Amino acid sequence: MDFQLSDDQRALRAGVRELLAGRFGRDRMRAALDDGTGIDRALWRELGEAGFFALRLPEAEGGVGLGLPESVLLFEEVGRSLLPGPLIATHLAAGPVKGAAQGGTVVAVLDPGQPVAHLGEADALLVLGPGDGPRASAASVDVTRVRDEATPVRSIDPFTPLWRAGDPEETGERLPGGGRLRDEGALLAAAEQLGSAARTTEMAVQHAGEREQFGSPIGSFQAVKHLCAGMLVRAELARCAVYAAAVTADPVEIAGAKLLADDAAVRNARDCLQVHGGMGFTWEADVHLHLKRAWLRSGQWLAAAAAEEVLAGDLC
């Protein structure tokens, strides 16, 4: 099977990268971080106008009519940019939740037992019920009632506020394909992790080529070469798994892809920090932001324990 991207897919990825670079480049990202700015509603609507959320809706319903592989390419770019917000939940809810496809409605996700990200800024809430393990049902409920009873909790990621919420009564609209939504959410989270892993690899290689020690770039030292090579291998291995799962949409392959992508994002960020040395620990460096987001994302949609259960169940 040929996994090479088509010209249209490359153009789609390049367009999203250009959009994010122009609207959420490093300067604006750091400004938002320093100011404590939440979701940029103007950018959210701009993403909606560009078809980000309606990418997989049929053209007859005002969507773009593309598939899961194209969505993976978009979310890989999101992972590179550290763009905050519940983009996955809004993307998945684009059909049934009014305004989500156009970027006018921000949809957060409540996974029982997990903190809710961006609950304070959400207009709607996608609730994943317990169902049959990872094959959960899903519903859309009134976010105001949930928010009134929720408690803010400390988040490791400065871009991702977290809330502890109880299990709401599912009095809202029941959404079709609950298990599919959870699987697709896990795959898109894996795509974000892949984008972060690729970006931290680039950051490490760039720094290794520019930083000199003992009169030579540190990238010429064998220890640093091995770190960067290991980062590349992890990122490309995760890429193969994520792209393959996007084509098959198989729950077992999605679980494997999420495990590999989580590992690549976390370990690559750690190694990138190691390549940067002492400056990597400073607030001014971006490395810690990727590491914190990777840690947080690894526990969302499909955490390691649940993914391992899916893989183990397939062996029985």
# chains A, B, ... in the order shown; residues from 1 in each chain; ligands from 1
call {"tool": "residues_around", "arguments": {"residues": "His91 (chain A)", "least_positions_apart": "4", "cutoff": "7 Å", "atoms": "only C-alpha atoms", "output": "ChimeraX atom specification"}}
result
/A:53-54,87
call {"tool": "write_last_selection", "arguments": {"atoms": "C-alpha atoms", "output": "short mmCIF file (atom, residue, chain, number, x, y, z; two decimals), in the first residue's frame"}}
result
data_model
loop_
_atom_site.label_atom_id
_atom_site.label_comp_id
_atom_site.auth_asym_id
_atom_site.auth_seq_id
_atom_site.Cartn_x
_atom_site.Cartn_y
_atom_site.Cartn_z
CA PHE A 53 -13.78 21.58 11.63
CA ALA A 54 -16.03 20.67 8.68
CA LEU A 87 -9.91 21.33 18.61
#
call {"tool": "select_by_dssp", "arguments": {"residues": "region 42-102 of chain A", "states": "alpha helix (DSSP H)", "output": "number ranges by chain"}}
result
A: 42-49, 68-81, 87-92
call {"tool": "residues_around", "arguments": {"residues": "Asp262 (chain A)", "least_positions_apart": "4", "cutoff": "7 Å", "atoms": "only C-alpha atoms", "output": "ChimeraX atom specification"}}
result
/A:190,193,258,266,294,298
call {"tool": "closest_residue", "arguments": {"among": "A:Ala108, A:Leu47, A:Val275, A:Leu187", "to": "Phe221 (chain A)", "atoms": "only C-alpha atoms"}}
result
A:Val275
call {"tool": "closest_residue", "arguments": {"among": "A:Val205, A:Leu92, A:Val247, A:Ala255", "to": "Ala305 (chain A)", "atoms": "only C-alpha atoms"}}
result
A:Ala255
call {"tool": "closest_residue", "arguments": {"among": "A:Gly38, A:Arg26, A:Ala304, A:Gln102", "to": "Gly63 (chain A)", "atoms": "only C-alpha atoms"}}
result
A:Gln102
call {"tool": "atom_distance", "arguments": {"atom1": "CA of Arg30 (chain A)", "atom2": "CA of Gly120 (chain A)"}}
result
21.6 Å
call {"tool": "residues_around", "arguments": {"residues": "region 72-82 of chain A", "least_positions_apart": "3", "cutoff": "10 Å", "atoms": "only C-alpha atoms", "output": "PyMOL selection string"}}
result
chain A and resi 5+9-10+12-18+20-21+24-26+29+52-53+55+67-69+85+87-88+159+184+187-200+239+242-243+245-247+265+286+289-290+293-294
call {"tool": "closest_residue", "arguments": {"among": "A:Gly99, A:Gly219, A:Gly313, A:Thr160", "to": "Gly62 (chain A)", "atoms": "only C-alpha atoms"}}
result
A:Gly99
call {"tool": "atom_distance", "arguments": {"atom1": "CA of Ala303 (chain A)", "atom2": "CA of Cys316 (chain A)"}}
result
20.7 Å
call {"tool": "atom_distance", "arguments": {"atom1": "CA of Leu119 (chain A)", "atom2": "CA of Asp183 (chain A)"}}
result
21.6 Å
call {"tool": "closest_residue", "arguments": {"among": "A:Leu259, A:Glu70, A:Ala285, A:Glu309", "to": "Ser6 (chain A)", "atoms": "only C-alpha atoms"}}
result
A:Glu70
call {"tool": "select_by_dssp", "arguments": {"residues": "region 207-267 of chain A", "states": "strand (DSSP E)", "output": "number ranges by chain"}}
result
A: 212-213, 216-217
call {"tool": "residues_around", "arguments": {"residues": "Ala100 (chain A)", "least_positions_apart": "6", "cutoff": "8 Å", "atoms": "only C-alpha atoms", "output": "count of residues only"}}
result
8
